[in-house]
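With TSV, C-alpha atoms and all ligand atoms inside, this is input-v2.tsv:
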chain	number	residue	atom	x	y	z
A	9	MET	CA	96.13	103.30	109.50
A	10	ILE	CA	96.51	101.05	106.48
A	11	GLU	CA	95.28	101.81	103.00
A	12	VAL	CA	95.45	99.16	100.32
A	13	LYS	CA	94.66	100.49	96.86
A	14	ASN	CA	94.02	98.41	93.80
A	15	LEU	CA	96.46	95.70	94.73
A	16	VAL	CA	97.28	93.17	92.02
A	17	LYS	CA	99.70	90.26	92.28
A	18	LYS	CA	100.48	87.92	89.44
A	19	TYR	CA	102.61	84.80	89.77
A	20	GLY	CA	103.47	84.27	86.13
A	21	ASN	CA	100.09	84.17	84.46
A	22	HIS	CA	98.28	83.34	87.66
A	23	LEU	CA	96.32	86.22	89.13
A	24	ALA	CA	96.65	85.64	92.89
A	25	ILE	CA	95.41	89.09	93.98
A	26	ASP	CA	92.80	90.72	91.83
A	27	HIS	CA	92.45	94.47	92.49
A	28	LEU	CA	92.09	94.50	96.26
A	29	THR	CA	91.12	97.78	97.89
A	30	PHE	CA	90.40	98.27	101.58
A	31	LYS	CA	91.18	100.34	104.65
A	32	ILE	CA	92.13	99.27	108.13
A	33	GLU	CA	91.12	101.58	110.96
A	34	LYS	CA	92.77	101.89	114.32
A	35	GLY	CA	92.11	99.70	117.34
A	36	LYS	CA	90.11	96.81	115.94
A	37	ILE	CA	90.68	93.14	115.21
A	38	TYR	CA	90.32	92.42	111.52
A	39	GLY	CA	89.95	88.95	110.09
A	40	PHE	CA	90.97	87.93	106.57
A	41	LEU	CA	88.77	84.95	105.95
A	42	GLY	CA	89.02	82.73	102.92
A	43	PRO	CA	89.69	79.19	101.79
A	44	ASN	CA	93.16	77.89	101.09
A	45	GLY	CA	94.66	79.65	98.07
A	46	ALA	CA	92.37	82.68	98.34
A	47	GLY	CA	95.32	85.07	98.53
A	48	LYS	CA	95.49	85.85	102.24
A	49	SER	CA	99.22	85.20	102.71
A	50	THR	CA	100.09	86.97	99.48
A	51	THR	CA	98.15	90.06	100.61
A	52	MET	CA	99.81	90.02	104.04
A	53	ASN	CA	103.27	89.57	102.53
A	54	ILE	CA	102.69	92.60	100.31
A	55	MET	CA	101.22	94.69	103.14
A	56	THR	CA	104.29	94.01	105.26
A	57	GLY	CA	106.79	94.68	102.48
A	58	TYR	CA	108.01	91.10	102.10
A	59	LEU	CA	106.72	90.81	98.58
A	60	GLY	CA	106.35	93.34	95.79
A	61	ALA	CA	102.98	93.92	94.19
A	62	THR	CA	102.41	93.76	90.44
A	63	GLU	CA	100.17	96.83	90.67
A	64	GLY	CA	98.69	99.01	93.36
A	65	GLU	CA	99.97	100.50	96.58
A	66	VAL	CA	100.00	99.99	100.33
A	67	LEU	CA	100.20	102.94	102.72
A	68	ILE	CA	101.02	102.35	106.37
A	69	ASN	CA	100.17	105.47	108.37
A	70	GLY	CA	100.70	107.41	105.15
A	71	HIS	CA	104.04	105.78	104.28
A	72	ASP	CA	104.33	103.74	101.10
A	73	ILE	CA	105.60	100.28	102.02
A	74	LEU	CA	107.82	100.13	98.93
A	75	LYS	CA	109.04	103.71	98.74
A	76	GLU	CA	109.58	104.24	102.47
A	77	PRO	CA	109.98	100.71	103.81
A	78	GLU	CA	111.88	101.65	106.98
A	79	GLU	CA	109.33	104.21	108.09
A	80	ALA	CA	106.37	102.00	107.13
A	81	LYS	CA	107.75	98.80	108.69
A	82	LYS	CA	108.29	100.53	112.05
A	83	HIS	CA	104.55	100.44	112.56
A	84	ILE	CA	104.13	96.74	111.81
A	85	GLY	CA	104.81	93.49	113.60
A	86	TYR	CA	104.36	90.42	111.40
A	87	LEU	CA	103.96	86.74	112.07
A	88	PRO	CA	104.26	85.10	108.64
A	89	GLU	CA	102.71	81.75	107.79
A	90	MET	CA	106.12	80.14	108.25
A	91	PRO	CA	108.06	82.29	110.69
A	92	PRO	CA	111.81	82.29	110.01
A	93	LEU	CA	112.89	81.04	113.43
A	94	TYR	CA	116.56	80.41	114.02
A	95	THR	CA	116.24	76.99	115.57
A	96	GLU	CA	119.81	76.83	116.89
A	97	MET	CA	119.18	79.87	119.09
A	98	THR	CA	117.53	79.89	122.47
A	99	VAL	CA	114.25	81.75	122.78
A	100	GLN	CA	116.02	84.57	124.63
A	101	GLU	CA	118.83	84.81	122.04
A	102	TYR	CA	116.36	84.87	119.19
A	103	LEU	CA	114.24	87.63	120.72
A	104	ASP	CA	117.34	89.68	121.60
A	105	PHE	CA	118.43	89.31	118.00
A	106	ALA	CA	114.96	90.29	116.76
A	107	ALA	CA	115.04	93.37	119.02
A	108	GLU	CA	118.32	94.38	117.42
A	109	LEU	CA	116.92	93.90	113.91
A	110	LYS	CA	113.90	95.98	114.86
A	111	LYS	CA	116.28	98.71	116.01
A	112	ILE	CA	114.77	98.89	119.46
A	113	PRO	CA	117.06	101.32	121.33
A	114	ASN	CA	119.76	99.61	123.40
A	115	ASN	CA	118.46	100.81	126.74
A	116	LYS	CA	114.99	99.47	126.02
A	117	ARG	CA	115.90	96.10	124.51
A	118	GLU	CA	116.05	94.09	127.70
A	119	SER	CA	112.75	95.36	129.08
A	120	SER	CA	111.02	94.94	125.69
A	121	VAL	CA	112.13	91.31	125.43
A	122	GLU	CA	111.08	90.66	129.05
A	123	GLU	CA	107.68	92.09	128.32
A	124	VAL	CA	106.97	89.88	125.30
A	125	LEU	CA	108.38	86.81	127.06
A	126	LYS	CA	105.79	87.38	129.77
A	127	LEU	CA	103.02	88.21	127.35
A	128	ALA	CA	103.55	85.08	125.26
A	129	LYS	CA	104.06	82.95	128.39
A	130	LEU	CA	107.59	81.99	127.40
A	131	MET	CA	109.39	82.71	130.68
A	132	ASP	CA	109.84	79.02	131.50
A	133	VAL	CA	111.43	78.17	128.15
A	134	ARG	CA	113.55	81.27	127.55
A	135	GLU	CA	116.82	79.31	127.82
A	136	ARG	CA	115.64	76.41	125.64
A	137	LEU	CA	116.77	75.95	122.05
A	138	ILE	CA	113.97	76.77	119.62
A	139	ARG	CA	114.52	73.49	117.81
A	140	ASN	CA	113.51	71.60	120.97
A	141	LEU	CA	110.22	73.43	121.37
A	142	SER	CA	106.78	72.10	120.46
A	143	LYS	CA	104.84	73.64	117.59
A	144	GLY	CA	102.68	75.57	120.07
A	145	TYR	CA	105.68	77.10	121.80
A	146	ARG	CA	107.34	77.93	118.50
A	147	GLN	CA	104.21	79.73	117.41
A	148	ARG	CA	104.35	81.76	120.62
A	149	VAL	CA	107.99	82.64	119.90
A	150	GLY	CA	106.89	83.85	116.44
A	151	LEU	CA	104.11	85.83	118.04
A	152	ALA	CA	106.46	87.31	120.65
A	153	GLN	CA	108.74	88.40	117.80
A	154	ALA	CA	105.81	90.05	115.98
A	155	VAL	CA	104.73	91.91	119.11
A	156	LEU	CA	108.24	92.93	120.13
A	157	GLY	CA	108.58	96.70	120.32
A	158	PHE	CA	104.78	96.97	120.40
A	159	PRO	CA	104.15	98.27	116.90
A	160	ASP	CA	100.75	99.93	116.25
A	161	ILE	CA	99.74	97.19	113.83
A	162	ILE	CA	100.17	93.49	114.39
A	163	ILE	CA	99.62	91.18	111.41
A	164	LEU	CA	99.28	87.45	112.04
A	165	ASP	CA	99.01	84.90	109.23
A	166	GLU	CA	96.95	81.89	110.40
A	167	PRO	CA	98.20	82.21	113.98
A	168	THR	CA	96.38	79.11	115.25
A	169	VAL	CA	97.18	76.61	112.49
A	170	GLY	CA	98.61	73.37	113.82
A	171	LEU	CA	97.94	74.17	117.46
A	172	ASP	CA	95.99	71.98	119.84
A	173	PRO	CA	92.65	73.19	121.25
A	174	LYS	CA	94.16	74.45	124.50
A	175	GLN	CA	96.86	76.37	122.67
A	176	ILE	CA	94.26	77.81	120.29
A	177	ILE	CA	92.30	79.20	123.21
A	178	GLU	CA	95.46	80.68	124.74
A	179	ILE	CA	96.55	82.33	121.50
A	180	ARG	CA	93.07	83.79	121.00
A	181	GLU	CA	93.17	85.26	124.49
A	182	LEU	CA	96.53	86.74	123.76
A	183	ILE	CA	95.23	88.28	120.53
A	184	ARG	CA	92.27	89.82	122.36
A	185	ASN	CA	94.64	91.25	124.93
A	186	LEU	CA	96.84	92.75	122.23
A	187	ALA	CA	93.84	94.33	120.58
A	188	LYS	CA	93.23	96.50	123.62
A	189	LYS	CA	96.17	98.66	122.54
A	190	HIS	CA	96.96	97.62	118.97
A	191	THR	CA	95.32	97.09	115.64
A	192	VAL	CA	95.39	93.39	114.87
A	193	ILE	CA	94.90	91.76	111.49
A	194	LEU	CA	94.78	88.00	111.37
A	195	SER	CA	94.01	85.53	108.64
A	196	SER	CA	92.18	82.26	108.93
A	197	HIS	CA	90.34	79.74	106.80
A	198	ILE	CA	88.14	78.98	109.80
A	199	LEU	CA	84.94	80.98	109.95
A	200	ALA	CA	84.22	80.17	113.60
A	201	GLU	CA	87.58	81.53	114.63
A	202	VAL	CA	87.25	84.80	112.75
A	203	ARG	CA	83.69	85.25	114.00
A	204	GLU	CA	84.76	84.71	117.59
A	205	VAL	CA	87.83	86.90	117.64
A	206	CYS	CA	87.33	89.63	115.04
A	207	ASP	CA	85.37	92.89	115.06
A	208	TYR	CA	85.44	93.05	111.31
A	209	ILE	CA	85.54	90.30	108.69
A	210	MET	CA	86.95	90.58	105.19
A	211	ILE	CA	86.06	87.59	103.07
A	212	ILE	CA	88.58	86.92	100.32
A	213	ALA	CA	88.01	84.48	97.49
A	214	LYS	CA	90.22	84.01	94.43
A	215	GLY	CA	92.15	87.16	95.23
A	216	LYS	CA	89.03	89.32	95.42
A	217	LEU	CA	87.40	90.96	98.40
A	218	VAL	CA	83.89	89.54	98.22
A	219	ALA	CA	82.47	90.95	101.46
A	220	SER	CA	83.66	93.07	104.35
A	221	ASP	CA	81.66	93.99	107.39
A	222	THR	CA	81.09	93.22	111.04
A	223	PRO	CA	80.03	89.63	111.76
A	224	GLU	CA	76.58	90.93	112.77
A	225	ASN	CA	76.09	92.90	109.56
A	226	LEU	CA	77.25	90.01	107.44
A	227	GLU	CA	74.60	87.86	109.11
A	228	HIS	CA	72.02	90.52	108.25
A	229	LEU	CA	73.28	90.82	104.70
A	230	MET	CA	70.85	88.21	103.55
A	231	ASP	CA	67.96	89.22	105.78
A	232	GLY	CA	65.99	90.31	102.76
A	233	SER	CA	65.94	86.75	101.54
A	234	GLU	CA	64.79	85.25	104.80
A	235	SER	CA	62.07	82.81	103.94
A	236	VAL	CA	59.54	80.48	105.50
A	237	GLU	CA	59.17	77.00	104.11
A	238	ILE	CA	55.95	75.09	104.59
A	239	GLU	CA	54.45	71.79	103.53
A	240	ALA	CA	50.69	71.28	103.39
A	241	LYS	CA	48.21	68.70	102.16
A	242	ALA	CA	46.85	70.75	99.27
A	243	ALA	CA	47.49	71.63	95.65
A	244	PRO	CA	49.67	74.69	94.84
A	245	SER	CA	46.66	76.73	93.70
A	246	LYS	CA	44.90	76.11	97.02
A	247	ILE	CA	48.00	77.13	98.95
A	248	ARG	CA	48.30	80.40	97.02
A	249	GLU	CA	44.66	81.12	97.72
A	250	ILE	CA	45.08	80.52	101.46
A	251	LEU	CA	48.15	82.75	101.57
A	252	ARG	CA	46.61	85.63	99.59
A	253	PRO	CA	45.33	87.54	102.68
A	254	VAL	CA	48.81	87.61	104.23
A	255	THR	CA	49.88	90.95	102.78
A	256	GLU	CA	53.51	90.81	104.02
A	257	ILE	CA	54.30	88.08	101.48
A	258	SER	CA	56.23	89.05	98.37
A	259	THR	CA	56.74	85.73	96.60
A	260	VAL	CA	55.58	82.14	96.89
A	261	LYS	CA	57.34	79.29	95.11
A	262	THR	CA	55.57	75.96	95.19
A	263	GLU	CA	56.48	72.41	94.39
A	264	GLU	CA	53.83	69.72	94.20
A	265	HIS	CA	54.62	66.18	95.29
A	266	ALA	CA	53.22	62.86	94.09
A	267	ASP	CA	51.57	62.16	97.46
A	268	GLY	CA	49.31	65.22	97.10
A	269	THR	CA	51.34	67.48	99.38
A	270	THR	CA	52.97	70.72	98.29
A	271	THR	CA	56.02	72.49	99.69
A	272	ALA	CA	56.12	76.25	99.39
A	273	VAL	CA	58.95	78.72	100.00
A	274	ILE	CA	57.46	82.02	101.09
A	275	GLU	CA	59.41	85.26	101.06
A	276	THR	CA	58.51	88.50	102.76
A	277	LYS	CA	59.14	92.04	101.60
A	278	GLN	CA	61.11	92.96	104.71
A	279	HIS	CA	62.51	91.17	107.67
A	280	GLN	CA	59.18	90.11	109.16
A	281	ASP	CA	58.14	87.08	111.11
A	282	ILE	CA	54.93	85.84	109.48
A	283	ARG	CA	54.92	82.29	110.78
A	284	GLU	CA	51.89	82.85	113.05
A	285	LYS	CA	49.90	84.47	110.26
A	286	ILE	CA	50.67	81.58	107.95
A	287	PHE	CA	49.71	79.08	110.61
A	288	PHE	CA	46.32	80.75	111.27
A	289	ALA	CA	45.61	81.21	107.56
A	290	PHE	CA	45.95	77.46	107.04
A	291	ALA	CA	44.07	76.64	110.25
A	292	GLY	CA	41.23	78.94	109.17
A	293	ALA	CA	41.04	77.23	105.80
A	294	GLY	CA	40.92	73.81	107.47
A	295	CYS	CA	44.05	72.81	105.56
A	296	PRO	CA	46.64	70.92	107.65
A	297	LEU	CA	50.21	72.16	107.63
A	298	THR	CA	52.65	69.28	107.91
A	299	MET	CA	55.76	71.42	108.25
A	300	LEU	CA	56.70	75.06	108.86
A	301	LYS	CA	60.23	76.42	109.30
A	302	THR	CA	62.27	79.56	108.80
A	303	ASN	CA	65.19	79.47	106.40
A	304	ARG	CA	67.62	82.10	107.52
A	305	ALA	CA	70.92	82.55	105.76
A	306	SER	CA	73.63	81.92	108.32
A	307	LEU	CA	77.12	83.33	108.16
A	308	GLU	CA	78.21	79.83	107.16
A	309	GLU	CA	75.92	79.89	104.16
A	310	ILE	CA	77.02	83.38	103.20
A	311	PHE	CA	80.64	82.32	103.44
A	312	LEU	CA	80.03	79.19	101.39
A	313	GLU	CA	78.09	81.10	98.78
A	314	LEU	CA	80.71	83.84	98.49
A	315	THR	CA	83.63	81.49	98.24
A	316	GLN	CA	82.00	78.82	96.10
A	317	GLY	CA	84.17	77.11	93.57
A	318	GLU	CA	87.26	77.24	95.77
A	319	SER	CA	89.29	74.09	96.02
A	320	ALA	CA	89.43	73.75	99.78
A	321	VAL	CA	86.37	73.06	101.87
A	322	PRO	CA	86.23	75.73	104.56
A	323	GLU	CA	85.81	74.70	108.15
A	324	ILE	CA	82.48	75.96	109.38
A	325	THR	CA	81.82	74.46	112.77
A	326	GLY	CA	82.45	76.18	116.08
A	327	ASP	CA	84.06	73.16	117.63
A	328	VAL	CA	87.67	73.65	118.57
A	329	GLU	CA	88.48	69.96	118.28
A	330	ASP	CA	86.98	69.80	114.83
A	331	MET	CA	89.11	72.75	113.91
A	332	LEU	CA	92.25	70.97	114.93
A	333	SER	CA	91.51	68.03	112.70
A	334	GLU	CA	90.74	70.41	109.86
A	335	ASP	CA	94.03	72.18	110.45
A	336	GLU	CA	95.82	68.90	110.27
A	337	LYS	CA	94.11	68.10	106.99
A	338	GLU	CA	95.08	71.56	105.84
A	339	ASP	CA	98.68	70.89	106.76
A	340	GLU	CA	98.62	67.80	104.62
A	341	THR	CA	97.24	69.68	101.63
A	342	ASP	CA	99.88	72.34	102.13
A	343	ALA	CA	102.59	69.71	102.08
A	344	GLY	CA	101.02	68.21	98.98
A	345	ASP	CA	101.23	71.55	97.21
A	346	LEU	CA	104.96	71.80	97.67
B	1	LIG	P1	96.13	81.76	101.09
B	1	LIG	O1	97.13	82.33	102.05
B	1	LIG	O2	94.81	82.45	101.14
B	1	LIG	O3	95.99	80.29	101.25
B	1	LIG	P2	98.11	82.42	99.07
B	1	LIG	O4	98.27	83.89	99.15
B	1	LIG	O5	99.15	81.60	99.72
B	1	LIG	O6	96.65	82.02	99.60
B	1	LIG	O7	98.02	81.99	97.54
B	1	LIG	C1	97.19	82.61	96.61
B	1	LIG	C2	97.38	81.96	95.26
B	1	LIG	O8	98.67	82.25	94.74
B	1	LIG	C3	97.25	80.44	95.27
B	1	LIG	O9	96.61	80.06	94.08
B	1	LIG	C4	98.69	79.98	95.33
B	1	LIG	O10	98.83	78.72	94.73
B	1	LIG	C5	99.40	81.07	94.51
B	1	LIG	N1	100.79	81.29	94.98
B	1	LIG	C6	101.16	81.67	96.23
B	1	LIG	N2	102.52	81.84	96.31
B	1	LIG	C7	102.99	81.54	95.09
B	1	LIG	C8	104.32	81.53	94.52
B	1	LIG	N3	105.39	81.86	95.24
B	1	LIG	N4	104.42	81.18	93.22
B	1	LIG	C9	103.34	80.86	92.48
B	1	LIG	N5	102.08	80.86	92.93
B	1	LIG	C10	101.89	81.19	94.23
B	2	MG	MG	98.12	81.38	103.57
Show me this structure written as structure tokens.
Amino acid sequence: MIEVKNLVKKYGNHLAIDHLTFKIEKGKIYGFLGPNGAGKSTTMNIMTGYLGATEGEVLINGHDILKEPEEAKKHIGYLPEMPPLYTEMTVQEYLDFAAELKKIPNNKRESSVEEVLKLAKLMDVRERLIRNLSKGYRQRVGLAQAVLGFPDIIILDEPTVGLDPKQIIEIRELIRNLAKKHTVILSSHILAEVREVCDYIMIIAKGKLVASDTPENLEHLMDGSESVEIEAKAAPSKIREILRPVTEISTVKTEEHADGTTTAVIETKQHQDIREKIFFAFAGAGCPLTMLKTNRASLEEIFLELTQGESAVPEITGDVEDMLSEDEKEDETDAGDL
């Protein structure tokens, strides 16, 4: 559907996109995940033909977005970060106008606009001026515009930013609905959002694609390094001796404390649960364990590790209300950047 090859974008000397290559397949929801400034909007603007690339190419169903823009753009609906809404128009007028721009045939315009008005739940406000609408409603108008004409690919740049929790849930539902028939690509700096909505996550940091996989596979990415951490009342040498019969263990790192206890981080060769074996080894040796826990790399930790060094702190909780406050903070930083 979409092929992005070796994309590079420089703003002056600043390398915003650093050789991005990826493919988007049909009928899935893709999430571009990355902290503020990672290059998500720049990538989306290039993919949709709004911005030229410094190097590389973008093919939409085989059509080069720069060489055959008309043909390529037919397949795409785009909700940019800041949708260019004509605030002196009513919702209906704006969508009629958008239908004209999209060259939807005359005899289909009315029904197409009706359909997106219903889909985005805008029927009640269709005669209202856009300037009098709340942020949530405006976002829906932008979304309706992107979906208008039902292009194969719908690209949404941070579709939930600045919305309240109820609106966020509604927009997510709408996105899931769209994905039944369309390929959807959305960007977000919120891990929980991408994990909840997307079938496939592409983590972008400093203009580079640092990981791309299903949420499940990304969680398993670090399975090899799953470890068990213990604390026991014994010296490191004693602990190593007790653990020797547990053959699944690959490495043991110990740290001795002043109070005579030692903590040890134990790694296994494969993804194996050896907590019981460790427990019985210590019990058999008459050595009390004071703590035993599994350290499993979560998607949060993977995300943090992969995007380390970025300026913005990514939102990592699953709480919708937390997200809102983070979005608001984000808005402030955005304004500060201007
Ligand atoms: P994201 O959408 O992931 O927050 P952007 O694509 O907006 O990231 O930005 C990527 C990088 O490019 C950032 O460092 C940003 O400051 C820079 N950048 C974006 N747009 C411009 C521009 N028009 N001129 C100069 N630098 C820009
Ligand atoms: Mg952006």
key: Selection as a PyMOL selection string: residues within 7 Å of (52.5, 76.8, 93.9), counting only C-alpha atoms   = chain A and resi 244-245+247-248+260-263+272
message = For a quick check of your reading of the model, name the residues lying within 10 Å of the coordinate (77.9, 85.4, 105.3), counting only C-alpha atoms, and write them as a PyMOL selection string.
response = chain A and resi 199+209+211+219-221+223-230+305-315
request  = Measuring atom to atom with all atoms listed in the file, identify which of A:Asp160, A:Glu201, A:Glu108, A:Glu135 is nearest to Gly42 of chain A.
outcome  = A:Glu201
key: Protein and nucleic residues near ligand MG 2 (chain B), 7 Å, all atoms listed in the file, as a list in words   = Asn44, Gly45, Gly47, Lys48, Ser49, Glu89, Asp165 and Glu166 of chain A
message = I'd like the neighbourhood of segment 56-67 of chain A as a PyMOL selection string, where a residue qualifies if any of its atoms comes within 7 Å (using all atoms listed in the file), though same-chain residues fewer than 3 positions away should be ignored.
response = chain A and resi 10-18+52-53+70-74+77+81
Centre and edges of the ligand LIG 1 (chain B) box, axis-aligned, 5 Å extra per side, as JSON:
{"center_x": 100.1, "center_y": 81.3, "center_z": 97.3, "size_x": 20.6, "size_y": 15.2, "size_z": 19.6}
Test item: residues at most 12 Å from segment 299-302 of chain A, only C-alpha atoms, excluding those fewer than 5 positions along its chain, as a PyMOL selection string = chain A and resi 231+233-241+269-276+279-287+290
Preceding selection exported with C-alpha atoms as a PDB file, in the frame of the given file:
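Full text of selection_2.pdb as output:
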ATOM      1  CA  ASP A 231      67.960  89.220 105.780  1.00  0.00           C
ATOM      2  CA  SER A 233      65.940  86.750 101.540  1.00  0.00           C
ATOM      3  CA  GLU A 234      64.790  85.250 104.800  1.00  0.00           C
ATOM      4  CA  SER A 235      62.070  82.810 103.940  1.00  0.00           C
ATOM      5  CA  VAL A 236      59.540  80.480 105.500  1.00  0.00           C
ATOM      6  CA  GLU A 237      59.170  77.000 104.110  1.00  0.00           C
ATOM      7  CA  ILE A 238      55.950  75.090 104.590  1.00  0.00           C
ATOM      8  CA  GLU A 239      54.450  71.790 103.530  1.00  0.00           C
ATOM      9  CA  ALA A 240      50.690  71.280 103.390  1.00  0.00           C
ATOM     10  CA  LYS A 241      48.210  68.700 102.160  1.00  0.00           C
ATOM     11  CA  THR A 269      51.340  67.480  99.380  1.00  0.00           C
ATOM     12  CA  THR A 270      52.970  70.720  98.290  1.00  0.00           C
ATOM     13  CA  THR A 271      56.020  72.490  99.690  1.00  0.00           C
ATOM     14  CA  ALA A 272      56.120  76.250  99.390  1.00  0.00           C
ATOM     15  CA  VAL A 273      58.950  78.720 100.000  1.00  0.00           C
ATOM     16  CA  ILE A 274      57.460  82.020 101.090  1.00  0.00           C
ATOM     17  CA  GLU A 275      59.410  85.260 101.060  1.00  0.00           C
ATOM     18  CA  THR A 276      58.510  88.500 102.760  1.00  0.00           C
ATOM     19  CA  HIS A 279      62.510  91.170 107.670  1.00  0.00           C
ATOM     20  CA  GLN A 280      59.180  90.110 109.160  1.00  0.00           C
ATOM     21  CA  ASP A 281      58.140  87.080 111.110  1.00  0.00           C
ATOM     22  CA  ILE A 282      54.930  85.840 109.480  1.00  0.00           C
ATOM     23  CA  ARG A 283      54.920  82.290 110.780  1.00  0.00           C
ATOM     24  CA  GLU A 284      51.890  82.850 113.050  1.00  0.00           C
ATOM     25  CA  LYS A 285      49.900  84.470 110.260  1.00  0.00           C
ATOM     26  CA  ILE A 286      50.670  81.580 107.950  1.00  0.00           C
ATOM     27  CA  PHE A 287      49.710  79.080 110.610  1.00  0.00           C
ATOM     28  CA  PHE A 290      45.950  77.460 107.040  1.00  0.00           C
TER      29      PHE A 290
END
For Ile163 of chain A, list every protein, DNA or RNA residue within 7 Å, evaluated using only C-alpha atoms, and leave out those in the same chain fewer than 3 positions away; present the list as a short mmCIF file (atom, residue, chain, number, x, y, z; two decimals) with C-alpha atoms, in the coordinates of the input.
data_model
loop_
_atom_site.label_atom_id
_atom_site.label_comp_id
_atom_site.auth_asym_id
_atom_site.auth_seq_id
_atom_site.Cartn_x
_atom_site.Cartn_y
_atom_site.Cartn_z
CA GLY A 85 104.81 93.49 113.60
CA TYR A 86 104.36 90.42 111.40
CA LEU A 87 103.96 86.74 112.07
CA VAL A 192 95.39 93.39 114.87
CA ILE A 193 94.90 91.76 111.49
CA LEU A 194 94.78 88.00 111.37
#
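With only C-alpha atoms and all ligand atoms as the atoms that count, the residue of A:Ala80, A:Leu41, A:Met9, A:Ile161 with the shortest distance to ligand LIG 1 (chain B) is A:Leu41.
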query = Which residues come within 10 Å of segment 137-153 of chain A, counting all atoms listed in the file, excluding same-chain residues fewer than 3 positions away, as a PyMOL selection string?
reply = chain A and resi 85-107+110+121+123-130+133-134+156-158+162-164+167-172+174-176+178-179+182-183
remark   = Restricting to all atoms listed in the file, whichever of A:Met55, A:Leu186, A:Ile112, A:Ala213 is closest to ligand LIG 1 (chain B) is A:Ala213
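If you look at atom CA of Glu76 of chain A and atom N4 of ligand LIG 1 (chain B), they are 25.4 Å away from each other.
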Reconstruct segment 42-53 of chain A at the level of N, CA, C and O atoms, and format the result as a PDB file, keeping the file's coordinate frame.
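Saved to rebuild35.pdb:
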ATOM      1  N   GLY A  42      89.124  83.255 104.283  1.00  0.00           N
ATOM      2  CA  GLY A  42      89.020  82.730 102.920  1.00  0.00           C
ATOM      3  C   GLY A  42      89.610  81.344 102.862  1.00  0.00           C
ATOM      4  O   GLY A  42      90.481  81.002 103.673  1.00  0.00           O
ATOM      5  N   PRO A  43      89.157  80.545 101.909  1.00  0.00           N
ATOM      6  CA  PRO A  43      89.690  79.190 101.790  1.00  0.00           C
ATOM      7  C   PRO A  43      91.159  79.199 101.382  1.00  0.00           C
ATOM      8  O   PRO A  43      91.707  80.234 100.998  1.00  0.00           O
ATOM      9  N   ASN A  44      91.765  78.059 101.479  1.00  0.00           N
ATOM     10  CA  ASN A  44      93.160  77.890 101.090  1.00  0.00           C
ATOM     11  C   ASN A  44      93.359  78.359  99.653  1.00  0.00           C
ATOM     12  O   ASN A  44      92.575  78.014  98.781  1.00  0.00           O
ATOM     13  N   GLY A  45      94.377  79.175  99.418  1.00  0.00           N
ATOM     14  CA  GLY A  45      94.660  79.650  98.070  1.00  0.00           C
ATOM     15  C   GLY A  45      93.928  80.919  97.691  1.00  0.00           C
ATOM     16  O   GLY A  45      94.032  81.403  96.564  1.00  0.00           O
ATOM     17  N   ALA A  46      93.173  81.491  98.637  1.00  0.00           N
ATOM     18  CA  ALA A  46      92.370  82.680  98.340  1.00  0.00           C
ATOM     19  C   ALA A  46      93.243  83.920  98.106  1.00  0.00           C
ATOM     20  O   ALA A  46      92.838  84.856  97.412  1.00  0.00           O
ATOM     21  N   GLY A  47      94.434  83.920  98.697  1.00  0.00           N
ATOM     22  CA  GLY A  47      95.320  85.070  98.530  1.00  0.00           C
ATOM     23  C   GLY A  47      95.615  85.807  99.829  1.00  0.00           C
ATOM     24  O   GLY A  47      96.151  86.918  99.800  1.00  0.00           O
ATOM     25  N   LYS A  48      95.298  85.197 100.942  1.00  0.00           N
ATOM     26  CA  LYS A  48      95.490  85.850 102.240  1.00  0.00           C
ATOM     27  C   LYS A  48      96.983  86.100 102.521  1.00  0.00           C
ATOM     28  O   LYS A  48      97.374  87.222 102.835  1.00  0.00           O
ATOM     29  N   SER A  49      97.789  85.044 102.405  1.00  0.00           N
ATOM     30  CA  SER A  49      99.220  85.200 102.710  1.00  0.00           C
ATOM     31  C   SER A  49      99.885  86.167 101.744  1.00  0.00           C
ATOM     32  O   SER A  49     100.720  86.980 102.149  1.00  0.00           O
ATOM     33  N   THR A  50      99.519  86.065 100.475  1.00  0.00           N
ATOM     34  CA  THR A  50     100.090  86.970  99.480  1.00  0.00           C
ATOM     35  C   THR A  50      99.791  88.429  99.858  1.00  0.00           C
ATOM     36  O   THR A  50     100.682  89.273  99.857  1.00  0.00           O
ATOM     37  N   THR A  51      98.537  88.698 100.224  1.00  0.00           N
ATOM     38  CA  THR A  51      98.150  90.060 100.610  1.00  0.00           C
ATOM     39  C   THR A  51      98.958  90.520 101.826  1.00  0.00           C
ATOM     40  O   THR A  51      99.486  91.637 101.853  1.00  0.00           O
ATOM     41  N   MET A  52      99.079  89.650 102.822  1.00  0.00           N
ATOM     42  CA  MET A  52      99.810  90.020 104.040  1.00  0.00           C
ATOM     43  C   MET A  52     101.290  90.240 103.743  1.00  0.00           C
ATOM     44  O   MET A  52     101.898  91.159 104.286  1.00  0.00           O
ATOM     45  N   ASN A  53     101.852  89.397 102.888  1.00  0.00           N
ATOM     46  CA  ASN A  53     103.270  89.570 102.530  1.00  0.00           C
ATOM     47  C   ASN A  53     103.506  90.894 101.807  1.00  0.00           C
ATOM     48  O   ASN A  53     104.535  91.529 101.985  1.00  0.00           O
TER      49      ASN A  53
END
